[in-house]
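Next comes data_3.txt, a file with compact mmCIF, C-alpha atoms and all ligand atoms.
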```txt
# COMPACT_ATOMS: atom_id res chain seq x y z
CA MET M 1 114.21 282.80 103.21
CA SER M 2 113.77 283.33 106.90
CA VAL M 3 111.03 281.51 108.77
CA VAL M 4 108.38 279.06 107.53
CA LEU M 5 105.30 277.96 109.47
CA ILE M 6 103.97 274.40 109.19
CA HIS M 7 100.23 274.66 109.73
CA SER M 8 96.96 272.88 109.04
CA ASP M 9 93.42 273.61 110.17
CA ARG M 10 93.06 269.82 110.51
CA PHE M 11 94.72 269.96 113.94
CA ALA M 12 91.28 270.91 115.31
CA GLU M 13 89.97 267.46 114.32
CA HIS M 14 91.60 265.67 117.28
CA GLN M 15 88.82 265.72 119.88
CA THR M 16 89.26 265.42 123.65
CA PRO M 17 86.51 264.99 126.30
CA PRO M 18 84.53 268.11 127.41
CA GLY M 19 86.54 270.22 129.85
CA HIS M 20 89.89 268.78 128.74
CA PRO M 21 92.50 271.57 128.57
CA GLU M 22 94.14 270.22 125.39
CA ARG M 23 91.09 271.15 123.32
CA PRO M 24 90.44 271.76 119.61
CA GLU M 25 90.16 275.53 120.19
CA ARG M 26 93.96 275.53 120.61
CA ALA M 27 94.22 274.71 116.91
CA GLU M 28 91.99 277.68 116.10
CA VAL M 29 94.60 279.86 117.84
CA PHE M 30 97.20 278.36 115.48
CA ASP M 31 94.90 279.24 112.54
CA VAL M 32 94.72 282.89 113.64
CA VAL M 33 98.49 283.12 114.21
CA ALA M 34 99.22 281.51 110.83
CA GLU M 35 96.88 283.90 109.04
CA ARG M 36 98.49 286.90 110.74
CA TRP M 37 101.96 285.82 109.56
CA ARG M 38 100.68 284.93 106.09
CA ARG M 39 99.53 288.53 105.73
CA ARG M 40 103.04 289.65 106.68
CA GLY M 41 104.46 287.58 103.83
CA VAL M 42 105.64 284.52 105.78
CA GLU M 43 105.33 281.20 103.91
CA ILE M 44 102.83 278.76 105.42
CA VAL M 45 102.93 275.11 104.33
CA ALA M 46 100.68 272.14 105.10
CA PRO M 47 102.27 269.11 106.76
CA ARG M 48 102.40 265.55 105.51
CA ALA M 49 101.77 262.50 107.68
CA ALA M 50 104.75 260.88 109.38
CA THR M 51 105.58 257.37 108.20
CA ARG M 52 106.12 254.28 110.34
CA GLU M 53 109.86 254.60 109.61
CA HIS M 54 109.90 258.13 111.06
CA LEU M 55 108.06 257.03 114.20
CA ALA M 56 110.00 253.80 114.71
CA ARG M 57 113.24 255.73 115.19
CA VAL M 58 112.03 256.69 118.69
CA HIS M 59 108.98 254.50 119.42
CA ASP M 60 108.68 250.79 120.12
CA GLY M 61 107.15 248.70 117.30
CA GLU M 62 104.53 247.06 119.51
CA TYR M 63 103.52 250.49 120.85
CA LEU M 64 103.10 251.81 117.30
CA ARG M 65 100.86 248.83 116.52
CA GLN M 66 98.72 249.52 119.62
CA ILE M 67 98.32 253.21 118.76
CA SER M 68 97.47 252.40 115.14
CA GLU M 69 94.58 250.29 116.45
CA THR M 70 92.97 253.47 117.86
CA ASN M 71 92.49 254.67 114.27
CA GLY M 72 88.78 255.38 113.81
CA ARG M 73 87.80 254.99 117.45
CA SER M 74 87.71 256.71 120.81
CA ALA M 75 90.01 255.32 123.48
CA LYS M 76 91.45 256.30 126.86
CA LEU M 77 95.20 255.72 126.77
CA ASP M 78 96.01 257.07 130.24
CA PRO M 79 94.10 259.20 132.78
CA ASP M 80 94.83 262.37 130.73
CA THR M 81 95.25 261.04 127.21
CA TYR M 82 92.34 260.25 124.91
CA THR M 83 91.76 259.53 121.26
CA SER M 84 88.78 260.40 119.09
CA PRO M 85 88.22 258.57 115.78
CA GLU M 86 90.36 261.22 114.02
CA THR M 87 93.23 261.31 116.52
CA TYR M 88 95.53 258.72 114.96
CA GLU M 89 95.55 260.51 111.63
CA ILE M 90 96.04 263.93 113.26
CA ALA M 91 98.83 262.66 115.51
CA LEU M 92 100.63 261.37 112.40
CA LEU M 93 100.18 264.84 110.91
CA ALA M 94 101.66 266.47 114.04
CA ALA M 95 104.76 264.27 113.87
CA GLY M 96 104.89 264.84 110.10
CA ALA M 97 104.81 268.61 110.62
CA ALA M 98 107.87 268.33 112.85
CA ILE M 99 109.57 266.22 110.15
CA ASP M 100 108.67 268.79 107.48
CA ALA M 101 110.02 271.61 109.64
CA VAL M 102 113.34 269.79 110.00
CA GLU M 103 113.59 269.13 106.26
CA ARG M 104 112.89 272.78 105.41
CA VAL M 105 115.70 273.91 107.68
CA MET M 106 118.24 271.12 107.14
CA GLY M 107 117.72 271.40 103.38
CA GLY M 108 118.52 275.12 103.51
CA ALA M 109 115.14 276.29 102.17
CA HIS M 110 114.56 278.24 105.38
CA ARG M 111 116.67 279.32 108.33
CA ALA M 112 113.95 278.55 110.88
CA ALA M 113 110.63 276.71 110.99
CA VAL M 114 107.75 276.49 113.43
CA ALA M 115 105.44 273.45 113.47
CA MET M 116 102.14 274.46 115.10
CA VAL M 117 100.67 271.14 116.12
CA ARG M 118 98.46 269.20 118.47
CA PRO M 119 98.40 266.74 120.11
CA PRO M 120 101.66 267.72 121.86
CA GLY M 121 104.50 265.22 122.20
CA HIS M 122 107.11 265.63 124.92
CA HIS M 123 105.48 263.34 127.52
CA ALA M 124 105.19 260.44 125.07
CA GLU M 125 107.65 257.72 126.03
CA ARG M 126 109.17 255.15 123.70
CA ALA M 127 106.31 252.74 124.51
CA ARG M 128 103.72 254.75 126.41
CA ALA M 129 101.22 257.56 125.72
CA MET M 130 100.81 260.03 128.57
CA GLY M 131 100.07 263.66 129.42
CA PHE M 132 97.98 264.38 126.26
CA CYS M 133 100.84 263.03 124.06
CA LEU M 134 100.83 260.03 121.67
CA PHE M 135 103.93 260.46 119.52
CA ASN M 136 106.96 262.40 120.70
CA ASN M 137 106.99 264.98 117.90
CA VAL M 138 110.21 266.75 118.90
CA ALA M 139 112.08 263.46 119.46
CA ILE M 140 110.92 262.25 116.04
CA ALA M 141 112.20 265.56 114.63
CA ALA M 142 115.60 265.13 116.33
CA ALA M 143 115.96 261.58 115.01
CA HIS M 144 115.00 262.78 111.54
CA ALA M 145 117.54 265.58 111.67
CA ARG M 146 120.24 263.05 112.41
CA ALA M 147 119.04 260.87 109.53
CA GLN M 148 119.37 264.02 107.38
CA GLY M 149 123.00 264.47 108.37
CA ALA M 150 123.00 266.50 111.59
CA ARG M 151 125.66 265.07 113.89
CA ARG M 152 124.57 266.84 117.06
CA VAL M 153 121.05 268.05 117.82
CA ALA M 154 120.03 270.15 120.82
CA ILE M 155 116.47 270.19 122.16
CA VAL M 156 115.47 273.03 124.50
CA ASP M 157 112.10 272.49 126.19
CA TYR M 158 110.57 275.56 127.86
CA ASP M 159 107.15 274.02 128.47
CA VAL M 160 106.10 274.30 132.15
CA HIS M 161 106.14 270.50 132.39
CA HIS M 162 109.25 268.36 132.25
CA GLY M 163 109.54 266.47 128.94
CA ASN M 164 109.99 263.04 130.49
CA GLY M 165 109.55 261.24 127.17
CA THR M 166 112.18 263.28 125.36
CA GLN M 167 114.63 262.94 128.26
CA HIS M 168 114.21 259.17 128.48
CA ILE M 169 114.44 258.60 124.72
CA PHE M 170 117.81 260.38 124.53
CA GLU M 171 119.28 260.11 128.04
CA GLY M 172 121.98 257.63 126.96
CA ASP M 173 122.82 259.53 123.77
CA ARG M 174 125.63 262.11 123.74
CA GLU M 175 124.70 263.36 120.26
CA VAL M 176 121.31 264.68 121.41
CA LEU M 177 121.42 267.29 124.17
CA TYR M 178 118.16 267.78 126.08
CA ILE M 179 117.72 270.96 128.17
CA SER M 180 114.48 271.58 130.07
CA THR M 181 113.21 274.46 132.19
CA HIS M 182 110.09 273.47 134.13
CA GLN M 183 108.08 273.75 137.32
CA TYR M 184 109.23 271.20 139.90
CA PRO M 185 107.96 269.22 141.69
CA TYR M 186 105.04 268.99 139.31
CA TYR M 187 103.60 266.72 136.63
CA PRO M 188 105.09 264.32 135.46
CA GLY M 189 107.41 264.15 138.52
CA THR M 190 110.70 263.83 136.65
CA GLY M 191 113.23 266.56 135.89
CA ALA M 192 115.29 266.96 139.08
CA ALA M 193 118.59 268.82 138.63
CA GLU M 194 120.49 265.60 139.44
CA GLU M 195 119.02 263.87 136.36
CA VAL M 196 121.92 264.54 133.97
CA GLY M 197 121.73 261.55 131.60
CA ARG M 198 122.99 257.98 131.75
CA GLY M 199 126.13 256.13 130.66
CA ALA M 200 127.68 257.67 127.57
CA GLY M 201 124.92 260.30 127.68
CA SER M 202 125.91 261.59 131.13
CA GLY M 203 125.94 265.39 131.08
CA PHE M 204 123.77 265.57 127.96
CA THR M 205 120.54 265.94 129.93
CA VAL M 206 120.21 269.34 131.60
CA ASN M 207 117.34 270.01 133.99
CA LEU M 208 116.52 273.46 135.35
CA PRO M 209 113.66 272.89 137.82
CA PHE M 210 111.86 275.92 139.28
CA ASP M 211 109.50 276.30 142.21
CA ALA M 212 106.00 277.59 141.46
CA GLY M 213 106.05 281.37 141.04
CA ALA M 214 109.29 281.61 139.04
CA VAL M 215 109.57 284.84 137.02
CA PRO M 216 111.36 285.91 133.80
CA GLU M 217 114.44 286.96 135.81
CA ASP M 218 114.83 283.33 136.97
CA PHE M 219 114.69 282.07 133.40
CA GLN M 220 117.16 284.70 132.26
CA LEU M 221 119.60 283.56 134.95
CA ALA M 222 119.11 279.90 133.96
CA PHE M 223 119.63 280.70 130.31
CA ASP M 224 122.67 282.96 130.83
CA GLN M 225 124.45 280.75 133.35
CA VAL M 226 123.51 277.22 132.25
CA ALA M 227 121.47 276.68 129.08
CA LEU M 228 123.34 279.02 126.73
CA PRO M 229 126.89 278.12 127.88
CA VAL M 230 126.10 274.38 127.58
CA LEU M 231 124.61 274.90 124.11
CA ARG M 232 127.71 276.85 122.97
CA GLN M 233 130.01 274.10 124.23
CA PHE M 234 127.83 271.37 122.64
CA GLU M 235 127.81 273.17 119.26
CA PRO M 236 124.63 271.69 117.77
CA ASP M 237 124.08 271.37 114.02
CA LEU M 238 120.38 272.08 114.63
CA LEU M 239 118.53 273.57 117.60
CA LEU M 240 115.03 272.25 118.30
CA ILE M 241 112.63 273.97 120.68
CA SER M 242 109.86 272.09 122.49
CA ALA M 243 107.76 275.23 122.48
CA GLY M 244 105.18 274.91 125.22
CA PHE M 245 103.59 278.14 126.42
CA ASP M 246 102.04 276.89 129.68
CA ALA M 247 104.75 278.56 131.80
CA HIS M 248 102.80 281.79 131.09
CA GLY M 249 101.39 283.47 134.19
CA ASP M 250 97.82 283.19 132.84
CA ASP M 251 98.01 279.46 132.16
CA PRO M 252 95.37 277.46 134.05
CA LEU M 253 97.65 274.43 134.55
CA GLY M 254 101.09 275.88 135.23
CA GLY M 255 102.20 277.90 138.25
CA LEU M 256 105.06 279.90 136.73
CA ARG M 257 104.87 283.60 135.88
CA LEU M 258 106.28 284.15 132.42
CA THR M 259 104.86 286.75 130.03
CA SER M 260 104.52 286.45 126.26
CA ASP M 261 107.56 288.72 125.93
CA ALA M 262 109.57 286.24 127.98
CA PHE M 263 108.84 283.55 125.38
CA GLY M 264 110.11 285.97 122.75
CA ALA M 265 113.28 286.60 124.78
CA MET M 266 113.94 282.89 125.35
CA THR M 267 113.42 282.16 121.68
CA MET M 268 115.70 285.03 120.65
CA ALA M 269 118.39 283.89 123.12
CA LEU M 270 118.25 280.39 121.60
CA ARG M 271 118.39 281.84 118.14
CA GLY M 272 121.52 283.73 119.17
CA VAL M 273 123.26 280.44 120.00
CA ALA M 274 122.01 278.95 116.74
CA GLU M 275 123.47 281.92 114.84
CA GLU M 276 126.83 281.20 116.48
CA CYS M 277 126.78 277.39 116.08
CA CYS M 278 124.61 276.38 113.15
CA ARG M 279 123.84 279.34 110.86
CA GLY M 280 120.71 280.18 112.83
CA ARG M 281 119.01 276.84 112.18
CA VAL M 282 116.09 276.57 114.63
CA VAL M 283 113.00 274.37 114.50
CA ALA M 284 110.25 274.98 117.06
CA VAL M 285 107.52 272.41 117.65
CA THR M 286 104.59 273.42 119.85
CA GLU M 287 103.79 271.56 123.08
CA GLY M 288 101.40 272.88 125.80
CA GLY M 289 99.75 276.26 126.46
CA TYR M 290 96.16 276.19 127.70
CA ASP M 291 95.07 279.81 128.08
CA LEU M 292 94.06 280.60 124.52
CA ARG M 293 94.97 284.29 124.66
CA ALA M 294 98.35 283.62 126.29
CA LEU M 295 99.01 280.80 123.82
CA GLY M 296 98.38 283.06 120.82
CA ALA M 297 100.39 286.00 122.17
CA SER M 298 103.33 283.85 123.29
CA LEU M 299 103.48 281.86 120.06
CA ASP M 300 103.39 285.15 118.17
CA CYS M 301 106.37 286.46 120.19
CA ALA M 302 108.31 283.24 119.55
CA ILE M 303 107.67 283.44 115.79
CA ALA M 304 108.61 287.13 115.80
CA ALA M 305 111.94 286.28 117.45
CA LEU M 306 112.71 283.80 114.68
CA HIS M 307 111.46 286.08 111.89
CA ALA M 308 113.05 289.43 112.81
CA PRO M 309 116.68 290.35 112.20
CA PHE M 310 118.76 289.00 115.07
CA ALA M 311 119.06 291.29 118.08
CA PRO M 312 120.08 290.55 121.66
CA PRO M 313 117.08 289.26 123.67
CA GLU M 314 115.09 291.80 125.63
CA TRP M 315 114.04 290.04 128.80
CA PRO M 316 110.95 291.51 130.49
CA ARG M 317 111.32 292.65 134.10
CA SER M 318 108.84 291.39 136.66
CA GLY M 319 110.54 293.50 139.34
CA THR M 320 110.65 290.47 141.60
CA SER M 321 113.98 288.95 142.46
CA SER M 322 113.76 285.34 143.43
CA GLU M 323 116.34 283.82 145.76
CA ARG M 324 114.69 280.45 145.14
CA GLY M 325 115.27 280.84 141.41
CA ALA M 326 118.95 281.62 142.01
CA ALA M 327 119.20 278.58 144.29
CA ALA M 328 117.69 276.37 141.58
CA VAL M 329 120.28 277.60 139.08
CA ARG M 330 123.13 277.01 141.57
CA GLU M 331 121.88 273.47 142.15
CA ALA M 332 121.76 272.74 138.41
CA LYS M 333 125.28 274.15 137.95
CA ALA M 334 126.60 271.92 140.72
CA ALA M 335 125.10 268.84 139.05
CA LEU M 336 126.50 269.80 135.62
CA ARG M 337 130.01 271.05 136.49
CA PRO M 338 131.54 267.58 136.01
CA PHE M 339 130.51 267.77 132.35
CA TRP M 340 130.54 271.43 131.27
CA HIS M 341 132.56 274.55 131.93
CA LEU M 342 130.18 276.75 133.93
CA THR M 343 131.23 279.89 135.78
ZN ZN A 401 103.02 271.44 129.40
```
Go ahead and express the file in the form of structure tokens.
Amino acid sequence: MSVVLIHSDRFAEHQTPPGHPERPERAEVFDVVAERWRRRGVEIVAPRAATREHLARVHDGEYLRQISETNGRSAKLDPDTYTSPETYEIALLAAGAAIDAVERVMGGAHRAAVAMVRPPGHHAERARAMGFCLFNNVAIAAAHARAQGARRVAIVDYDVHHGNGTQHIFEGDREVLYISTHQYPYYPGTGAAEEVGRGAGSGFTVNLPFDAGAVPEDFQLAFDQVALPVLRQFEPDLLLISAGFDAHGDDPLGGLRLTSDAFGAMTMALRGVAEECCRGRVVAVTEGGYDLRALGASLDCAIAALHAPFAPPEWPRSGTSSERGAAAVREAKAALRPFWHLT
């Protein structure tokens, strides 16, 4: 089997205040995308809820107790992060979808899996909800993969925002590699090229920060010269993608200029590494993406890259060369050369 999608129409049940960008309509986009792939013969499965054991691998016990107390009520957890009475249950389902995706792939039932979830996860810290995120879905997935026997897990985060929670959870851990491309400086403020991990984990955090306006050519350079060589040297047993689509040029929050095809190219490039290192095992878990049309088209391109026979990525051309993008890549290489062989 090739790719499986983890999907539920229940992800629309998590309500946010009027005007909030992380809105239930995003889940309706997932419904449309899932139905399109179902008609093409792709298997769609419903997620189960994550258990306390799954969550406690990356979150603090007292934090889990606090979040569980929001069950059945509306609460403001930080200036951007709200619960509705349904949120707790739906957030458990989002983390559970990431767990299910990992089990499908690690168990060999499928080569790749995509968990289409909300709320997103990568800003959630070990003991703090922030940036629309309650539980760090991709971190929970990485921890579960290791519990399932993966020795090394790579997480590549192409959301426009830096995944501060994921970085902090694993920054001292040399068995989990975290690579992020993001707009910088920007929310949440972390993700400078010099942030390369701590202690034994030094070198296993890779940040590729871009100025506003970065184009597909900049991402291609960052992938070809940094992300892909580091991944090949790390040799993961499973590759996770924090698949945010808010680096799209139409996104109302982000200021980068990717196209849906660029998300397809990035996903295909990552799949290429996975084919070399870990029999093509890729799990993507959705993060941001706030223009509904761009979200649907980009997610579709990412799924297509995982579903189709492998082919070298076809990066779209914006026709704009960016000296600032090249400078960002040079800066990241300088910070990472003590740890990785980079040309
Ligand atoms: Zn984002």
**OP:** Could you pull out the residues sitting within 10 Å of ligand ZN 401 (chain A), using all atoms listed in the file, and write them as a ChimeraX atom specification?
**Re:** /M:22,120-123,131-132,157-163,182-183,187-188,242-247,251,253-254,286-290
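The closest residue to Ala297 in chain M, picked from M:Pro119, M:Pro47, M:Gly264, M:Gly165 and counting only C-alpha atoms, is M:Gly264.
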message = Give me, as a PyMOL selection string, all polymer residues having an atom no more than 7 Å from range 106-117 of chain M, counting all atoms listed in the file and skipping those fewer than 2 positions away in the same chain.
response = chain M and resi 1-7+11+30+94+97-98+101-104+119-120+280-286+306
With distances taken over all atoms listed in the file, the candidate from M:Asp31, M:Glu86, M:Glu43, M:Glu53 nearest Thr16 in chain M is M:Glu86
Nearest to Glu217 in chain M, restricted to only C-alpha atoms and choosing among M:Ala265, M:Ile67, M:Val196, M:Ile169, comes out as M:Ala265
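In this model, the gap between CA of Ala227 in chain M and CA of Gly319 in chain M comes to 22.5 Å.
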Nearest residue to Ile179 in chain M from the set M:Asp261, M:Glu195, M:Glu314, M:Glu89 (distances using only C-alpha atoms)
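Closest to Ile179 in chain M of all the choices is M:Glu195.
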What separates CA of Ala269 in chain M and CA of Leu221 in chain M is a distance of 11.9 Å
Problem set entry | Distance query Val156 in chain M at most 8 Å, all atoms listed in the file, self and fewer than 4 positions along chain excluded, as an NGL selection string | :M and (178-180 or 239-242)
Find, counting all atoms listed in the file, the residue in M:Ala145, M:Ile303, M:Val153, M:Ala326 that gets nearest to Asp218 in chain M.
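The shortest atom-to-atom distance to Asp218 in chain M comes from M:Ala326.
Among the candidate residues M:Phe223, M:Ser260, M:Cys277, M:Phe310, the one lying nearest to Lys333 in chain M is M:Phe223, with distances computed using all atoms listed in the file.
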Within 12 Å of Gly19 in chain M using only C-alpha atoms, minus same-chain residues under 4 positions, as a CSV table (one decimal) with C-alpha atoms, in the frame of the given file:
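Heads up, here's the output in selection29.csv:
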```csv
chain,number,residue,atom,x,y,z
M,15,GLN,CA,88.8,265.7,119.9
M,23,ARG,CA,91.1,271.2,123.3
M,24,PRO,CA,90.4,271.8,119.6
M,25,GLU,CA,90.2,275.5,120.2
M,80,ASP,CA,94.8,262.4,130.7
M,290,TYR,CA,96.2,276.2,127.7
```
The distance between CA of Arg198 in chain M and CA of Phe170 in chain M is 9.2 Å
Could you write out as lines of an AutoDock Vina configuration file the box around range 78-93 of chain M (axis-aligned, all atoms listed in the file, 5 Å on each side), with centre and edge lengths in Å to one decimal?
```
center_x = 94.4
center_y = 261.0
center_z = 121.8
size_x = 22.4
size_y = 17.8
size_z = 31.9
```
